[in-house]
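Student: Shown below is the structure under consideration.
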Amino acid sequence: MSWEENIRQVDPYIPGEQPKNTGVIKLNTNENPYPPAPGVERLLAEFDEASLRLYPDPDSEELTKILAEYYGILPTQVFVGVGSDDVLAMAFLTFFNSNRPILFPDITYSFYDVWADLYRIPYKACSLDEEFRLRAADYKQENGGIVFPNPNAPTGVFEPVELVEEILKANPGVVVIVDEAYIDFGGTSCLPLLSKYENLLVVQTFSKSRSMAGMRIGFAMGNEKLIGYLKNVKFSFNSYTMNRTSQVLGVEAVKDDAYFKACNANIIETREWMKGKLRQLGFTFPDSKANFIFAAHESIPGKVLFEELKSRSIFVRHWERPRIADYLRITIGTKEQMDKLLLALREIVAAHQ
Ligand code: PMP
């Protein structure tokens, strides 16, 4: 027998490229182009050796408290993790523990099937309709749990809270995870449904709307009991997941609500302006309520556009997959970055006429 037969072999998730050179216009991983709240940077300068030498608070109590306050729930209803990827990975491990397949859309965050494979959770991908919308009926079959992003990624399509509730109503016997990584860019959170459905887990992140992808802060909100189970698994895995710096700076970010709202409004404004510009260039796209647009050109293949942009040091995201191979996922950057992107696209489109 070979030692390799005993190994947990997985095909890992492949994140968007983080180019080493700085001259790049980076529109490929949905980071925020604006800096975090001014208080965050100020506080960062004050860190001393103790924050390196000592273990962090395993409960992230201060961060949990301020998030609970901000979202109008109890601290016992909040779970924080090292980015929402960590929160989601823990949630899969905790809540998807049956032999029935979990359900998620076929075009969605490409980490879901990786976690399912890693934990050996059976799954079924439910196809989105021709407009990239979720079909509620698909989520009424027997299952071991449900997870989907809202707005969806990479499409940007937002599903109304009524659809989320329809899915919850049909599934009282399993946990339903709504991944709201992009909710702050114009969607409506399903958070109010927490009081009605104790099997709902809402997951959010500081990586996009709070400009803190580098600090790795994510959190989940749910019923006390649900959060308790999640904590039990987390504390059976690693007590000190979130470092002190993230905990302290996360609190500071939540305090500055005016800045948070102003940045989000900027992104939304740029996104809406960008939709018109892309349309003029011959692009079509589902209407996005996220900080990216998922766009296909009427005549130029996605791969060609992707390569042409890359050769001009503009990075966007592209997947060579059925149904979406002609699409580019373009993160909304600053107006200046978008102007440069449009200039490049105009050039590429003209050269291909
Ligand atoms: N969910 C979705 C839908 C995402 O697109 C991302 C970003 N890759 C995440 C979760 C994870 O983000 P983070 O771990 O930075 O919070």
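Just remember, in the structure tokens the first chain shown is A, the second B, etc., residues are 1-based per chain, and ligands are 1-based in the order shown.
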DSSP on the backbone: which residues in range 6-87 of chain A end up as alpha helix (DSSP H)? Give the answer as a list in words.
Tutor: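 Answer for range 6-87 of chain A, restricted to alpha helix (DSSP H): Pro38, Gly39, Val40, Glu41, Arg42, Leu43, Leu44, Ala50, Ser51, Leu52, Arg53, Glu61, Glu62, Leu63, Thr64, Lys65, Ile66, Leu67, Ala68, Glu69, Tyr70, Tyr71, Gly83, Ser84, Asp85, Asp86 and Val87 of chain A.
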Student: Would you please give, as a ChimeraX atom specification, all residues of range 130-286 of chain A that DSSP assigns to strand (DSSP E or B) based on the backbone?
Tutor: /A:146-149,176-179,200-205,218-222,283-284
Student: Produce a file of the selected residues containing N, CA and C atoms, as an mmCIF file, in the first residue's frame.
Tutor:
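Heads up, here's the output in part.cif:
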```cif
data_model
loop_
_atom_site.group_PDB
_atom_site.id
_atom_site.type_symbol
_atom_site.label_atom_id
_atom_site.label_comp_id
_atom_site.auth_asym_id
_atom_site.auth_seq_id
_atom_site.Cartn_x
_atom_site.Cartn_y
_atom_site.Cartn_z
ATOM 1 N N ILE A 146 -28.612 24.218 2.837
ATOM 2 C CA ILE A 146 -28.628 25.098 1.666
ATOM 3 C C ILE A 146 -27.662 26.252 1.906
ATOM 4 N N VAL A 147 -26.954 26.652 0.859
ATOM 5 C CA VAL A 147 -26.082 27.829 0.970
ATOM 6 C C VAL A 147 -26.095 28.570 -0.363
ATOM 7 N N PHE A 148 -26.223 29.882 -0.295
ATOM 8 C CA PHE A 148 -26.091 30.700 -1.514
ATOM 9 C C PHE A 148 -25.701 32.115 -1.116
ATOM 10 N N PRO A 149 -24.964 32.787 -2.012
ATOM 11 C CA PRO A 149 -24.650 34.176 -1.724
ATOM 12 C C PRO A 149 -25.803 35.066 -2.198
ATOM 13 N N VAL A 176 -29.986 26.914 6.674
ATOM 14 C CA VAL A 176 -29.875 27.682 5.438
ATOM 15 C C VAL A 176 -28.874 28.813 5.682
ATOM 16 N N ILE A 177 -27.784 28.792 4.900
ATOM 17 C CA ILE A 177 -26.747 29.820 5.048
ATOM 18 C C ILE A 177 -26.885 30.835 3.917
ATOM 19 N N VAL A 178 -27.065 32.096 4.280
ATOM 20 C CA VAL A 178 -27.101 33.150 3.265
ATOM 21 C C VAL A 178 -25.807 33.953 3.390
ATOM 22 N N ASP A 179 -25.009 33.870 2.347
ATOM 23 C CA ASP A 179 -23.681 34.489 2.320
ATOM 24 C C ASP A 179 -23.838 35.919 1.774
ATOM 25 N N LEU A 200 -31.637 29.865 10.252
ATOM 26 C CA LEU A 200 -30.989 30.783 9.294
ATOM 27 C C LEU A 200 -29.649 31.268 9.833
ATOM 28 N N LEU A 201 -28.619 31.213 8.999
ATOM 29 C CA LEU A 201 -27.318 31.774 9.353
ATOM 30 C C LEU A 201 -26.949 32.803 8.278
ATOM 31 N N VAL A 202 -26.737 34.045 8.712
ATOM 32 C CA VAL A 202 -26.366 35.115 7.779
ATOM 33 C C VAL A 202 -24.876 35.396 7.952
ATOM 34 N N VAL A 203 -24.129 35.339 6.856
ATOM 35 C CA VAL A 203 -22.672 35.527 6.927
ATOM 36 C C VAL A 203 -22.276 36.811 6.189
ATOM 37 N N GLN A 204 -21.469 37.627 6.848
ATOM 38 C CA GLN A 204 -20.988 38.867 6.211
ATOM 39 C C GLN A 204 -19.478 39.010 6.413
ATOM 40 N N THR A 205 -18.913 40.053 5.807
ATOM 41 C CA THR A 205 -17.457 40.213 5.844
ATOM 42 C C THR A 205 -17.026 41.677 5.880
ATOM 43 N N GLY A 218 -14.507 38.167 9.226
ATOM 44 C CA GLY A 218 -15.827 37.787 8.749
ATOM 45 C C GLY A 218 -16.683 37.469 9.959
ATOM 46 N N PHE A 219 -17.985 37.425 9.773
ATOM 47 C CA PHE A 219 -18.837 37.097 10.919
ATOM 48 C C PHE A 219 -20.145 36.463 10.459
ATOM 49 N N ALA A 220 -20.732 35.711 11.395
ATOM 50 C CA ALA A 220 -22.021 35.086 11.124
ATOM 51 C C ALA A 220 -23.007 35.536 12.185
ATOM 52 N N MET A 221 -24.263 35.657 11.793
ATOM 53 C CA MET A 221 -25.320 36.021 12.736
ATOM 54 C C MET A 221 -26.429 34.985 12.641
ATOM 55 N N GLY A 222 -26.922 34.595 13.789
ATOM 56 C CA GLY A 222 -27.958 33.573 13.786
ATOM 57 C C GLY A 222 -28.534 33.394 15.183
ATOM 58 N N PHE A 283 -21.493 45.639 -24.257
ATOM 59 C CA PHE A 283 -21.522 44.615 -23.203
ATOM 60 C C PHE A 283 -22.947 44.422 -22.694
ATOM 61 N N THR A 284 -23.243 43.185 -22.303
ATOM 62 C CA THR A 284 -24.491 42.924 -21.594
ATOM 63 C C THR A 284 -24.142 42.281 -20.258
#
```
Student: What lies within 7 Å of range 261-269 of chain A using only C-alpha atoms, ignoring chain neighbours under 2 positions off, as number ranges by chain?
Tutor: A: 184-185, 209, 257-259, 271-273, 291, 332
Student: Residues of the last selection are to be written out with N, CA, C and O atoms, as a PDB file, in the first residue's frame.
Tutor:
```pdb
ATOM      1  N   ASP A 184     -23.827  45.083   1.289  1.00  0.00           N
ATOM      2  CA  ASP A 184     -23.814  46.518   1.594  1.00  0.00           C
ATOM      3  C   ASP A 184     -23.791  47.415   0.361  1.00  0.00           C
ATOM      4  O   ASP A 184     -23.749  48.633   0.484  1.00  0.00           O
ATOM      5  N   PHE A 185     -23.826  46.815  -0.825  1.00  0.00           N
ATOM      6  CA  PHE A 185     -23.757  47.623  -2.044  1.00  0.00           C
ATOM      7  C   PHE A 185     -25.130  47.758  -2.714  1.00  0.00           C
ATOM      8  O   PHE A 185     -25.221  47.811  -3.941  1.00  0.00           O
ATOM      9  N   SER A 209     -17.079  45.758   1.795  1.00  0.00           N
ATOM     10  CA  SER A 209     -17.646  47.080   2.094  1.00  0.00           C
ATOM     11  C   SER A 209     -16.878  47.822   3.182  1.00  0.00           C
ATOM     12  O   SER A 209     -17.025  49.029   3.322  1.00  0.00           O
ATOM     13  N   ASP A 257     -19.634  54.805  11.126  1.00  0.00           N
ATOM     14  CA  ASP A 257     -20.706  54.437  10.206  1.00  0.00           C
ATOM     15  C   ASP A 257     -20.839  55.421   9.043  1.00  0.00           C
ATOM     16  O   ASP A 257     -21.201  55.021   7.931  1.00  0.00           O
ATOM     17  N   ALA A 258     -20.550  56.694   9.309  1.00  0.00           N
ATOM     18  CA  ALA A 258     -20.686  57.707   8.251  1.00  0.00           C
ATOM     19  C   ALA A 258     -19.713  57.396   7.111  1.00  0.00           C
ATOM     20  O   ALA A 258     -20.079  57.445   5.927  1.00  0.00           O
ATOM     21  N   TYR A 259     -18.495  57.039   7.475  1.00  0.00           N
ATOM     22  CA  TYR A 259     -17.480  56.723   6.466  1.00  0.00           C
ATOM     23  C   TYR A 259     -17.886  55.481   5.670  1.00  0.00           C
ATOM     24  O   TYR A 259     -17.797  55.447   4.442  1.00  0.00           O
ATOM     25  N   ARG A 271     -20.625  52.179  -9.930  1.00  0.00           N
ATOM     26  CA  ARG A 271     -21.170  50.973 -10.576  1.00  0.00           C
ATOM     27  C   ARG A 271     -22.285  51.350 -11.561  1.00  0.00           C
ATOM     28  O   ARG A 271     -22.300  50.880 -12.698  1.00  0.00           O
ATOM     29  N   GLU A 272     -23.196  52.205 -11.109  1.00  0.00           N
ATOM     30  CA  GLU A 272     -24.327  52.555 -11.964  1.00  0.00           C
ATOM     31  C   GLU A 272     -23.857  53.324 -13.200  1.00  0.00           C
ATOM     32  O   GLU A 272     -24.343  53.106 -14.303  1.00  0.00           O
ATOM     33  N   TRP A 273     -22.885  54.200 -13.014  1.00  0.00           N
ATOM     34  CA  TRP A 273     -22.302  54.961 -14.134  1.00  0.00           C
ATOM     35  C   TRP A 273     -21.608  53.996 -15.107  1.00  0.00           C
ATOM     36  O   TRP A 273     -21.755  54.108 -16.329  1.00  0.00           O
ATOM     37  N   ASN A 291     -20.282  44.884  -5.647  1.00  0.00           N
ATOM     38  CA  ASN A 291     -19.214  45.817  -6.041  1.00  0.00           C
ATOM     39  C   ASN A 291     -18.451  45.294  -7.258  1.00  0.00           C
ATOM     40  O   ASN A 291     -17.241  45.440  -7.353  1.00  0.00           O
ATOM     41  N   ILE A 332     -15.629  46.955  -9.127  1.00  0.00           N
ATOM     42  CA  ILE A 332     -15.772  48.410  -9.218  1.00  0.00           C
ATOM     43  C   ILE A 332     -14.635  49.062  -8.433  1.00  0.00           C
ATOM     44  O   ILE A 332     -14.519  48.891  -7.215  1.00  0.00           O
TER      45      ILE A 332
END
```
Student: Residues within 12 Å of range 35-39 of chain A, please, as a ChimeraX atom specification. Count only C-alpha atoms; anything in the same chain fewer than 5 positions from it doesn't count.
Tutor: /A:44-46,206-215,248-264,333-334
Student: For the contact check between range 6-74 of chain A and range 190-193 of chain A, emit one row per residue of range 6-74 of chain A within 10 Å, containing the shortest atom pair and the distance in Å rounded to one decimal, counting only C-alpha atoms, chain then rising number order, as JSON lines.
Tutor:
```
{"residue": "A:Tyr71", "atom": "CA", "partner": "A:Leu191", "partner_atom": "CA", "distance": 8.3}
{"residue": "A:Gly72", "atom": "CA", "partner": "A:Pro192", "partner_atom": "CA", "distance": 9.6}
{"residue": "A:Ile73", "atom": "CA", "partner": "A:Leu191", "partner_atom": "CA", "distance": 9.6}
```
Student: Would you save the residues of that selection, restricted to all heavy atoms, as a tab-separated table (two decimals), in the first residue's frame?
Tutor:
```tsv
chain	number	residue	atom	x	y	z
A	71	TYR	N	-26.02	45.60	14.59
A	71	TYR	CA	-27.07	44.90	13.85
A	71	TYR	C	-28.31	44.61	14.70
A	71	TYR	O	-29.24	43.94	14.24
A	71	TYR	CB	-26.51	43.61	13.23
A	71	TYR	CG	-25.55	43.94	12.09
A	71	TYR	CD1	-24.17	43.87	12.28
A	71	TYR	CD2	-26.04	44.37	10.87
A	71	TYR	CE1	-23.30	44.20	11.25
A	71	TYR	CE2	-25.17	44.71	9.84
A	71	TYR	CZ	-23.80	44.63	10.03
A	71	TYR	OH	-22.93	44.99	9.02
A	72	GLY	N	-28.33	45.11	15.93
A	72	GLY	CA	-29.52	45.00	16.76
A	72	GLY	C	-29.84	43.59	17.20
A	72	GLY	O	-31.00	43.19	17.27
A	73	ILE	N	-28.79	42.80	17.49
A	73	ILE	CA	-29.01	41.44	18.00
A	73	ILE	C	-28.16	41.24	19.26
A	73	ILE	O	-27.46	42.16	19.69
A	73	ILE	CB	-28.68	40.35	16.93
A	73	ILE	CG1	-27.26	40.57	16.38
A	73	ILE	CG2	-29.69	40.37	15.82
A	73	ILE	CD1	-26.83	39.53	15.35
```
Student: Applying 12 Å and only C-alpha atoms, which residues near Asn152 in chain A remain after dropping the ones on its own chain fewer than 2 positions away? List them as an MDAnalysis selection string.
Tutor: chainID A and resid 104:110 128 132:134 147:150 154:160 178:183 187 286:294
Student: List the spatial neighbours of Asn21 in chain A as a PyMOL selection string - criterion: any atom at most 12 Å away, only C-alpha atoms, same-chain residues fewer than 3 positions off excluded.
Tutor: chain A and resi 17-18+24-26+313-315
Student: Give me, as a list of chain:residue names, all polymer residues having an atom no more than 12 Å from His352 in chain A, counting only C-alpha atoms and skipping those fewer than 2 positions away in the same chain.
Tutor: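 Answer for this query is A:His297, A:Glu298, A:Ser299, A:Ile300, A:Pro301, A:Val304, A:Leu305, A:Glu308, A:Leu345, A:Arg346, A:Glu347, A:Ile348, A:Val349, A:Ala350.
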Student: Could you check how far CA of Ala170 in chain A sits from CA of Thr94 in chain A, in Å to one decimal?
Tutor: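 About the pair CA of Ala170 in chain A and CA of Thr94 in chain A: they are 21.1 Å apart.
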Student: Considering only C-alpha atoms, state which residue in the set A:Pro33, A:Val78, A:Asn6, A:Gln247 is at the smallest distance from Leu63 in chain A.
Tutor: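 With only C-alpha atoms as the atom set, the closest residue is A:Gln247.
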Student: Which of these residues is nearest to ligand 1, using only C-alpha atoms and all ligand atoms: A:Pro56, A:Gly282, A:Gly81, A:Gly173?
Tutor: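 Smallest distance to ligand 1 is found for A:Gly81.
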